[in-house]
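K.L.:
I have a structure I would like to understand better, so I am pasting it below and will then ask my questions one at a time.
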Amino acid sequence: MKLPLPPLPTALKPKPKRPGEAERVKPLDQAKEAGIATADWVDERTSLSGVARWTMFRKVPKGTNWFYTLGSATLFAFLSQAVTGVFLAMYYDPSVTNAYESARHITNDVFLGEFVRGMHKWGSTVMVILVCLHMARTFFFGAYKYPRELNWVVGVVLLILTFVMAFTGYLLPFDQRSYWATIVGVNINGTGPLVGPFLSDFLRGGAEFGSTTLSRFYAIHMLLLPGAIIALIGVHLYLVTRLGTTAPPWLRVESGDGIREENV
Ligand code: HEM
């Protein structure tokens, strides 16, 4: 049985509206108003809402499907790597004497260290898989053709940078496996035509593996490559927004002059 609620004390009872009194504004509405006013203030001075509208409220071709989410999925994998990487960098020491110990310390002693390191490790594999699937999607949907050739080329550079990111990150735990696997990887690079020997010398930071190799891999992994990837993702997304995405090939219509048009 539901018991009746006890009566409210007079102080807590809502006061009846007096004639001529304005509608009482609730705290939630006040908070909403404050948010809108702040956004308006910023927009009046920067016109950023135009950019937001341009990037987010776009027409997409008919037939857009789940395969079109692979690019964004790659982007989120990259963001997750960036965030977890920042936390790992707070504890990691890129010196030959301390690297292994600092990685062990992250896993065994630091709060959530094993989780964050695991996210970063598995995240790298996920990003490599996603970027390959995304490339396959754009290839099979013919998105590399006019007018998107430049975006395909930017994508190829992003693909290479993603691989180099995974390769340079592999050495950082500095255990037996990562050490020997990196030696094999650098030697394979050295067999490339013309540039091969220079490339392997550059990666080693000299003729032999040493402390310079580790600090060089670390600098490339956490400064050079993320910077380049962020800049190129910016160009990549600008071109996606500017040109729109390709319609699936089975929905493209052939116009009279033989030029394929997209069914928006
Ligand atoms: C870090 C890596 C990358 C990120 C974050 C990324 C992100 C994106 C996003 C969000 C889109 C729009 C949505 C979609 O179509 O999936 C896109 C489109 C595109 N991407 Fe990437 N991408 C990356 C790598 C690549 C690679 C490796 C290639 C090819 C070599 C590539 C080629 C393209 C092309 C051609 C488009 C236009 C698709 C269309 O017009 O339908 N991208 N990318």
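Letters for chains follow the order of the structure tokens (A, B, ...), residue numbers begin at 1 for each chain, and ligand numbers begin at 1 in the order shown.
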Need the shell around Arg117 of chain A: protein/DNA/RNA residues with any atom at most 12 Å away, counting only C-alpha atoms. Skip same-chain ones fewer than 2 positions apart. Format as a PyMOL selection string?
P.N.:
chain A and resi 80-81+83-89+91-92+102-108+110-115+119-124+169+172-173
K.L.:
Mind checking DSSP for segment 130-250 of chain A and telling me the helix (DSSP H, G or I) residues as a VMD selection string?
P.N.:
chain A and resid 130 to 140 149 to 171 176 to 190 196 to 204 211 to 243 249 to 250
K.L.:
Check every protein, DNA and RNA residue against ligand 1, keep those with an atom at most 8 Å away (counting only C-alpha atoms and all ligand atoms), and present them as a ChimeraX atom specification.
P.N.:
/A:67-76,78,127,131-132,134-139,141-145,148-149,151-160,162,229,233,236-237,239-240,243-247
K.L.:
Could the residues in this selection be saved with C-alpha atoms as a PDB file, in the first residue's frame?
P.N.:
ATOM      1  CA  PHE A  67      31.920   0.734 -44.240  1.00  0.00           C
ATOM      2  CA  TYR A  68      32.052   4.550 -44.264  1.00  0.00           C
ATOM      3  CA  THR A  69      32.654   4.539 -40.509  1.00  0.00           C
ATOM      4  CA  LEU A  70      36.085   2.917 -40.879  1.00  0.00           C
ATOM      5  CA  GLY A  71      37.819   6.298 -41.397  1.00  0.00           C
ATOM      6  CA  SER A  72      36.288   7.732 -38.201  1.00  0.00           C
ATOM      7  CA  ALA A  73      37.084   4.482 -36.379  1.00  0.00           C
ATOM      8  CA  THR A  74      40.749   4.902 -37.408  1.00  0.00           C
ATOM      9  CA  LEU A  75      40.606   8.486 -36.169  1.00  0.00           C
ATOM     10  CA  PHE A  76      39.272   7.371 -32.769  1.00  0.00           C
ATOM     11  CA  PHE A  78      44.542   7.343 -33.155  1.00  0.00           C
ATOM     12  CA  MET A 127      44.680   1.114 -35.555  1.00  0.00           C
ATOM     13  CA  VAL A 131      43.596   1.864 -41.388  1.00  0.00           C
ATOM     14  CA  CYS A 132      44.039  -1.123 -43.754  1.00  0.00           C
ATOM     15  CA  HIS A 134      39.580   1.889 -44.392  1.00  0.00           C
ATOM     16  CA  MET A 135      42.028   1.918 -47.300  1.00  0.00           C
ATOM     17  CA  ALA A 136      40.401  -1.214 -48.721  1.00  0.00           C
ATOM     18  CA  ARG A 137      36.976   0.466 -48.473  1.00  0.00           C
ATOM     19  CA  THR A 138      38.133   3.593 -50.308  1.00  0.00           C
ATOM     20  CA  PHE A 139      39.876   1.420 -52.924  1.00  0.00           C
ATOM     21  CA  PHE A 141      34.498   2.042 -53.709  1.00  0.00           C
ATOM     22  CA  GLY A 142      36.740   3.811 -56.242  1.00  0.00           C
ATOM     23  CA  ALA A 143      37.269   6.800 -53.906  1.00  0.00           C
ATOM     24  CA  TYR A 144      40.857   7.204 -55.143  1.00  0.00           C
ATOM     25  CA  LYS A 145      39.615   8.489 -58.546  1.00  0.00           C
ATOM     26  CA  ARG A 148      40.059  12.570 -54.738  1.00  0.00           C
ATOM     27  CA  GLU A 149      43.511  11.479 -55.952  1.00  0.00           C
ATOM     28  CA  ASN A 151      43.349  12.594 -50.633  1.00  0.00           C
ATOM     29  CA  TRP A 152      44.369   9.059 -51.595  1.00  0.00           C
ATOM     30  CA  VAL A 153      48.033  10.188 -51.684  1.00  0.00           C
ATOM     31  CA  VAL A 154      47.646  11.852 -48.267  1.00  0.00           C
ATOM     32  CA  GLY A 155      46.095   8.565 -47.097  1.00  0.00           C
ATOM     33  CA  VAL A 156      49.074   6.557 -48.381  1.00  0.00           C
ATOM     34  CA  VAL A 157      51.431   8.810 -46.384  1.00  0.00           C
ATOM     35  CA  LEU A 158      49.170   8.332 -43.324  1.00  0.00           C
ATOM     36  CA  LEU A 159      49.346   4.571 -43.843  1.00  0.00           C
ATOM     37  CA  ILE A 160      53.163   4.626 -43.944  1.00  0.00           C
ATOM     38  CA  THR A 162      50.964   4.527 -38.998  1.00  0.00           C
ATOM     39  CA  ILE A 229      49.882  12.437 -38.437  1.00  0.00           C
ATOM     40  CA  ILE A 233      44.641  14.028 -40.705  1.00  0.00           C
ATOM     41  CA  HIS A 236      42.680  14.552 -45.075  1.00  0.00           C
ATOM     42  CA  LEU A 237      39.489  15.625 -43.290  1.00  0.00           C
ATOM     43  CA  LEU A 239      39.554  17.296 -48.343  1.00  0.00           C
ATOM     44  CA  VAL A 240      36.820  14.851 -47.269  1.00  0.00           C
ATOM     45  CA  LEU A 243      34.884  17.031 -51.824  1.00  0.00           C
ATOM     46  CA  GLY A 244      32.281  14.952 -49.987  1.00  0.00           C
ATOM     47  CA  THR A 245      32.414  11.177 -49.883  1.00  0.00           C
ATOM     48  CA  THR A 246      32.042   8.866 -52.872  1.00  0.00           C
ATOM     49  CA  ALA A 247      28.743   7.120 -53.503  1.00  0.00           C
TER      50      ALA A 247
END
K.L.:
Using only C-alpha atoms for the distances, tell me which of A:Val96, A:Arg242, A:Thr125, A:His221 is nearest to Phe209 of chain A.
P.N.:
A:Val96
K.L.:
Skipping near chain neighbours, those fewer than 4 positions away, what residues fall within 12 Å of segment 174-182 of chain A using only C-alpha atoms, listed as a ChimeraX atom specification?
P.N.:
/A:92-104,164,166-170,186-189,200,203-204,209-211,213-215,217-218
K.L.:
Take the residues from that selection and put them in a file with N, CA, C and O atoms, as a compact mmCIF listing (two decimals), in the first residue's frame.
P.N.:
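Writing done, so here's selection.txt:
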# COMPACT_ATOMS: atom_id res chain seq x y z
N TYR A 92 57.54 6.68 -18.49
CA TYR A 92 58.53 5.95 -19.28
C TYR A 92 59.85 6.71 -19.33
O TYR A 92 59.87 7.94 -19.41
N ASP A 93 60.96 5.97 -19.26
CA ASP A 93 62.29 6.58 -19.31
C ASP A 93 63.05 5.97 -20.51
O ASP A 93 63.39 4.79 -20.50
N PRO A 94 63.33 6.78 -21.55
CA PRO A 94 63.90 6.20 -22.77
C PRO A 94 65.41 6.01 -22.72
O PRO A 94 66.11 6.33 -23.69
N SER A 95 65.95 5.51 -21.63
CA SER A 95 67.39 5.26 -21.59
C SER A 95 67.62 3.75 -21.56
O SER A 95 66.80 3.01 -21.00
N VAL A 96 68.73 3.30 -22.15
CA VAL A 96 68.93 1.85 -22.27
C VAL A 96 68.96 1.16 -20.90
O VAL A 96 68.58 0.00 -20.78
N THR A 97 69.40 1.87 -19.89
CA THR A 97 69.49 1.24 -18.57
C THR A 97 68.14 1.19 -17.85
O THR A 97 67.88 0.29 -17.05
N ASN A 98 67.26 2.19 -18.12
CA ASN A 98 66.02 2.29 -17.34
C ASN A 98 64.74 1.96 -18.11
O ASN A 98 63.68 1.86 -17.50
N ALA A 99 64.81 1.86 -19.45
CA ALA A 99 63.59 1.71 -20.25
C ALA A 99 62.78 0.48 -19.82
O ALA A 99 61.58 0.60 -19.51
N TYR A 100 63.45 -0.68 -19.74
CA TYR A 100 62.74 -1.92 -19.40
C TYR A 100 62.13 -1.81 -18.00
O TYR A 100 60.96 -2.14 -17.79
N GLU A 101 62.93 -1.27 -17.07
CA GLU A 101 62.48 -1.16 -15.68
C GLU A 101 61.28 -0.19 -15.59
O GLU A 101 60.32 -0.46 -14.86
N SER A 102 61.35 0.92 -16.34
CA SER A 102 60.24 1.88 -16.26
C SER A 102 58.96 1.27 -16.86
O SER A 102 57.86 1.52 -16.35
N ALA A 103 59.10 0.47 -17.92
CA ALA A 103 57.92 -0.18 -18.51
C ALA A 103 57.35 -1.21 -17.51
O ALA A 103 56.13 -1.31 -17.33
N ARG A 104 58.25 -1.95 -16.83
CA ARG A 104 57.81 -2.92 -15.82
C ARG A 104 57.10 -2.21 -14.67
O ARG A 104 56.06 -2.65 -14.19
N VAL A 164 55.10 3.15 -39.39
CA VAL A 164 56.35 3.57 -38.74
C VAL A 164 56.10 3.79 -37.24
O VAL A 164 56.94 3.49 -36.39
N ALA A 166 53.97 2.12 -35.40
CA ALA A 166 53.94 0.80 -34.77
C ALA A 166 55.36 0.24 -34.65
O ALA A 166 55.73 -0.34 -33.63
N PHE A 167 56.16 0.45 -35.68
CA PHE A 167 57.53 -0.08 -35.70
C PHE A 167 58.40 0.58 -34.62
O PHE A 167 59.11 -0.09 -33.87
N THR A 168 58.31 1.92 -34.53
CA THR A 168 59.15 2.61 -33.54
C THR A 168 58.67 2.35 -32.11
O THR A 168 59.48 2.30 -31.19
N GLY A 169 57.36 2.15 -31.95
CA GLY A 169 56.83 1.88 -30.61
C GLY A 169 57.25 0.51 -30.09
O GLY A 169 57.42 0.31 -28.89
N TYR A 170 57.47 -0.43 -31.02
CA TYR A 170 57.78 -1.81 -30.64
C TYR A 170 59.07 -1.91 -29.85
O TYR A 170 59.22 -2.77 -28.98
N VAL A 186 65.21 -3.19 -38.74
CA VAL A 186 66.14 -2.17 -39.25
C VAL A 186 67.02 -2.79 -40.34
O VAL A 186 67.27 -2.15 -41.38
N ASN A 187 67.43 -4.04 -40.16
CA ASN A 187 68.24 -4.70 -41.20
C ASN A 187 67.44 -4.89 -42.49
O ASN A 187 67.98 -4.74 -43.58
N ILE A 188 66.16 -5.20 -42.34
CA ILE A 188 65.32 -5.35 -43.55
C ILE A 188 65.27 -4.00 -44.28
O ILE A 188 65.42 -3.93 -45.49
N ASN A 189 65.09 -2.91 -43.50
CA ASN A 189 65.09 -1.57 -44.12
C ASN A 189 66.39 -1.33 -44.87
O ASN A 189 66.41 -0.70 -45.92
N SER A 200 68.73 2.68 -42.63
CA SER A 200 69.04 1.87 -41.44
C SER A 200 70.05 2.61 -40.56
O SER A 200 69.96 2.56 -39.33
N LEU A 203 68.06 5.18 -38.65
CA LEU A 203 67.25 4.59 -37.57
C LEU A 203 68.11 4.19 -36.39
O LEU A 203 67.75 4.40 -35.23
N ARG A 204 69.28 3.62 -36.67
CA ARG A 204 70.18 3.19 -35.58
C ARG A 204 70.81 4.39 -34.89
O ARG A 204 71.21 4.32 -33.74
N PHE A 209 73.70 -0.47 -32.90
CA PHE A 209 72.59 -0.21 -32.00
C PHE A 209 73.13 0.31 -30.68
O PHE A 209 74.11 -0.22 -30.17
N GLY A 210 72.51 1.34 -30.13
CA GLY A 210 73.02 1.86 -28.86
C GLY A 210 71.98 2.76 -28.21
O GLY A 210 70.79 2.73 -28.58
N SER A 211 72.46 3.57 -27.28
CA SER A 211 71.51 4.42 -26.55
C SER A 211 70.87 5.45 -27.48
O SER A 211 69.71 5.83 -27.27
N THR A 213 69.95 4.94 -30.48
CA THR A 213 68.86 4.28 -31.22
C THR A 213 67.55 4.41 -30.44
O THR A 213 66.52 4.80 -30.99
N LEU A 214 67.63 4.11 -29.13
CA LEU A 214 66.41 4.13 -28.33
C LEU A 214 65.84 5.55 -28.22
O LEU A 214 64.63 5.75 -28.43
N SER A 215 66.70 6.53 -27.93
CA SER A 215 66.16 7.89 -27.79
C SER A 215 65.65 8.41 -29.13
O SER A 215 64.68 9.16 -29.18
N PHE A 217 64.30 6.50 -31.56
CA PHE A 217 63.00 5.85 -31.78
C PHE A 217 61.92 6.54 -30.93
O PHE A 217 60.80 6.74 -31.38
N TYR A 218 62.29 6.89 -29.70
CA TYR A 218 61.31 7.52 -28.80
C TYR A 218 60.89 8.89 -29.33
O TYR A 218 59.70 9.20 -29.38
K.L.:
Suppose you want the space between atom CA of Leu223 of chain A and atom CA of Met56 of chain A; what is it in Å?
P.N.:
29.4 Å
K.L.:
Grab the atom CA of Trp54 of chain A to atom CA of Val235 of chain A distance for me, in Å with one decimal place.
P.N.:
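Between these atoms lies a distance of 15.1 Å.
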